[in-house]
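S.K.: This is the structure, below, for whatever I ask next.
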There are 2 protein chains.
Amino acid sequence: MQPPFHRLEEFVGLTPSDINLVRGWAANPRRVARHQPIRREGDPVNGVFFLLAGWAASSVILRDGQRQVIKVHLPGDMLGFPSLVLSSAGETLEAITDVSLCPIPNAAIGRLIEHNPRLTAALLLNTQKERVALMQALTWIGSASALARMAAFLLDLHDRLDSAGLVIDGTFDFPLTQQFIGDLLGLTAVHVNRTLKRLDATGYVDRKKGQITILDFEGLRSVSPNLPPEPAGRAAWSRIGGKA
Amino acid sequence: MQPPFHRLEEFVGLTPSDINLVRGWAANPRRVARHQPIRREGDPVNGVFFLLAGWAASSVILRDGQRQVIKVHLPGDMLGFPSLVLSSAGETLEAITDVSLCPIPNAAIGRLIEHNPRLTAALLLNTQKERVALMQALTWIGSASALARMAAFLLDLHDRLDSAGLVIDGTFDFPLTQQFIGDLLGLTAVHVNRTLKRLDATGYVDRKKGQITILDFEGLRSVSPNLPPEPAGRAAWSRIGGKA
DNA sequence: CCGTCCGAATCACCTATGTTAGTGACATCG
DNA sequence: CGATGTCACTAACATAGGTGATTCGGACGG
């Protein structure tokens, strides 16, 4: 399948029936304007969202008002899946840019699990990949310096945008405020500014209005806290649920 | 089902065939002595592990040698699931105490996804719950003080041990070194010591050799960064995969 | 064309946490 | 029953990153 659906076939091939189902999701997309909430922490959980276009964020708010951004979501991501096991939403989902997404109601997920084993496997494995990403984020934030976190974040973002075809020659859109990046990396906006300026001054990246260019990948990797884990690919899972 | 298997039925009821399968796992348990590795980062991924008894830890090591402990695993937990989507293990699993666990090979997981939709749903939802836990950890480490993190950790650990029947009157085993807690909470061992002493001095907890007692739950909660999210329970998912 | 607002960029100063370097209490073991 | 090692605990000092406050420029709305 083409982006943004390609991610569903990263680990297992889907059957025609699976693919029809997925295509059906895109029939009635919902649009949300940038900076608007999609679903708030504490709201009822009616289902999940498949992100068709635009950037979104999930975040958690602490009692003292501190916000932790959990993840920046790009097209092809499933949003709100973790809250399925909670009695009310555990994260706030909001649009970073204008966004287009399809709501998938609880009942549809139940039916899918019953009738579409391969698609279920795809979701299960995709969720494990999200877990790996969370483990990485936790590790960076728990034990790397501001500079290392920033480098890791930029490299990761580049790779994810690249695989969605949104990078041209190292340059990509960057619609994030420094405050937001701070909430994501566990830093203050002031320190984000210091850190970005430093990466800029070293010549690793170039910043223009609303865009970033990575000039020196090796340099960035050298200050990054670790190398990204390598995905397994489909070979390992080719036999699940019969032939595709 | 009885502990340690009860967690599998937290969100969906299982069929007799599912239950037989799960019971079969426990047939050939593997024992690992405390402080010994179960599987190292970079090792081949042959499957996952179901923890029958004892405490285990998963952790990630950074290039500079820093270790981030991702999670303390208690009986009933699945270990190593995220690495299923990687070409080699992304986390190190090790025994904190003497441990008993059953290896579940890749092929068995594939068959399970094909033939046991309810069990698959159980695993999918359990994994979402793990994601919620990771999101919580990320939020604590990213934006709470050392004291708040420690309080949150102790409360969470208490609740998890309690639901496994391992707490007596607020007291539970605590086989973790301060260095380990530091690696878990993103602090140094020295600062862990300061923080624990402070909680002790305030009268929130009492520490004996290898054990901890929580004396003042309300006090601990008052310094904790947020309240734990409430699980959905089985009602929401009762219809998956037909009757139990 | 002028106010208003938001976000980037600075600056001076502060503090929570890290660093280094110990000591002493127990275990474990040959 | 000394030798060795691990772990809790302490203290003096260092620093990465936080705070609060200000300035500036561009986008937008009327």
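In the structure tokens, chains take letters A, B, ... by order of appearance, with residues numbered from 1 within each chain and ligands from 1 in the order shown.
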Restrict the distance test to only C-alpha atoms (C1' of nucleotides), flag each residue of chain C within 12 Å of chain B, and return the flagged residues as a compact mmCIF listing (two decimals) with C-alpha atoms (C1' of nucleotides), in the first residue's frame.

M.R.:
```
# COMPACT_ATOMS: atom_id res chain seq x y z
C1' DA C 16 18.63 20.63 42.00
C1' DT C 17 21.26 17.24 40.96
C1' DG C 18 25.80 15.32 39.63
C1' DT C 19 30.80 14.25 40.88
C1' DT C 20 34.41 12.55 43.52
C1' DC C 26 27.78 -6.76 56.57
```

S.K.: Starting from chain B, keep only residues with some atom at most 7 Å from an atom of chain A, counting only C-alpha atoms, and report them as number ranges by chain.

M.R.: B: 60, 62-63, 66, 68, 70, 81-82, 85-87, 90, 110, 113-114, 117, 121, 124-125, 128-129, 131-132, 134-135, 138-139, 141-143, 185-186, 225-226, 229-232, 240-241

S.K.: Residues of chain D near chain B: apply a cut-off of 8 Å, count only C-alpha atoms (C1' of nucleotides), and supply the list as a list in words.

M.R.: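 Taking only C-alpha atoms (C1' of nucleotides) into account, DC7, DA8 and DC9 of chain D sit within 8 Å of chain B.
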
S.K.: Output the selection as a PDB file, in the first residue's frame - N, CA, C and O atoms (P, O5', C5', C4', C3', O3' and C1' of nucleotides) for each residue.

M.R.:
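New file part-v7.pdb:
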```pdb
ATOM      1  P    DC D   7      25.863  -4.591  45.123  1.00  0.00           P
ATOM      2  O5'  DC D   7      25.364  -3.654  46.305  1.00  0.00           O
ATOM      3  C5'  DC D   7      24.811  -4.261  47.478  1.00  0.00           C
ATOM      4  C4'  DC D   7      24.765  -3.227  48.569  1.00  0.00           C
ATOM      5  C3'  DC D   7      24.183  -1.880  48.135  1.00  0.00           C
ATOM      6  O3'  DC D   7      23.062  -1.594  48.932  1.00  0.00           O
ATOM      7  C1'  DC D   7      26.164  -1.614  49.399  1.00  0.00           C
ATOM      8  P    DA D   8      22.130  -0.338  48.653  1.00  0.00           P
ATOM      9  O5'  DA D   8      22.318   0.511  49.997  1.00  0.00           O
ATOM     10  C5'  DA D   8      22.006  -0.112  51.229  1.00  0.00           C
ATOM     11  C4'  DA D   8      22.531   0.744  52.355  1.00  0.00           C
ATOM     12  C3'  DA D   8      21.987   2.170  52.367  1.00  0.00           C
ATOM     13  O3'  DA D   8      21.634   2.487  53.701  1.00  0.00           O
ATOM     14  C1'  DA D   8      24.362   2.209  52.318  1.00  0.00           C
ATOM     15  P    DC D   9      20.822   3.837  53.961  1.00  0.00           P
ATOM     16  O5'  DC D   9      21.991   4.879  54.234  1.00  0.00           O
ATOM     17  C5'  DC D   9      22.922   4.604  55.291  1.00  0.00           C
ATOM     18  C4'  DC D   9      24.060   5.582  55.192  1.00  0.00           C
ATOM     19  C3'  DC D   9      23.662   7.049  54.998  1.00  0.00           C
ATOM     20  O3'  DC D   9      23.942   7.741  56.193  1.00  0.00           O
ATOM     21  C1'  DC D   9      25.579   6.445  53.746  1.00  0.00           C
TER      22       DC D   9
END
```

S.K.: Mind giving me the straight-line distance from atom CA of Ile96 of chain B to atom CA of Pro37 of chain B in Å, one decimal?

M.R.: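 Computed distance, atom CA of Ile96 of chain B to atom CA of Pro37 of chain B, equals 9.2 Å.
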
S.K.: Can you tell me, as JSON, numbers by chain, what residues are no more than 8 Å from segment 214-219 of chain A when counting only C-alpha atoms (C1' of nucleotides), ignoring any on the same chain fewer than 4 positions away?

M.R.: {"A": [155, 170, 171, 203, 204, 205, 206, 223]}

S.K.: Show me, as an mmCIF file with C-alpha atoms (C1' of nucleotides), in the first residue's frame, the residues that have an atom within 12 Å of DC28 of chain D when counting only C-alpha atoms (C1' of nucleotides), minus same-chain residues fewer than 4 positions from it.

M.R.:
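Final output, selection.cif:
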```cif
data_model
loop_
_atom_site.group_PDB
_atom_site.id
_atom_site.type_symbol
_atom_site.label_atom_id
_atom_site.label_comp_id
_atom_site.auth_asym_id
_atom_site.auth_seq_id
_atom_site.Cartn_x
_atom_site.Cartn_y
_atom_site.Cartn_z
ATOM 1 C "C1'" DC C 2 -1.033 50.589 13.218
ATOM 2 C "C1'" DG C 3 -1.716 47.776 17.432
ATOM 3 C "C1'" DT C 4 -1.384 43.125 19.291
ATOM 4 C "C1'" DC C 5 0.446 38.809 19.951
ATOM 5 C "C1'" DC C 6 3.456 35.017 19.738
#
```

S.K.: Using only C-alpha atoms (C1' of nucleotides), which of the listed residues (C:DA27, C:DC1, C:DC13, C:DA21) sits closest to DG18 of chain D?

M.R.: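 Checking each of C:DA27, C:DC1, C:DC13, C:DA21 against DG18 of chain D, counting only C-alpha atoms (C1' of nucleotides), the winner is C:DC13.
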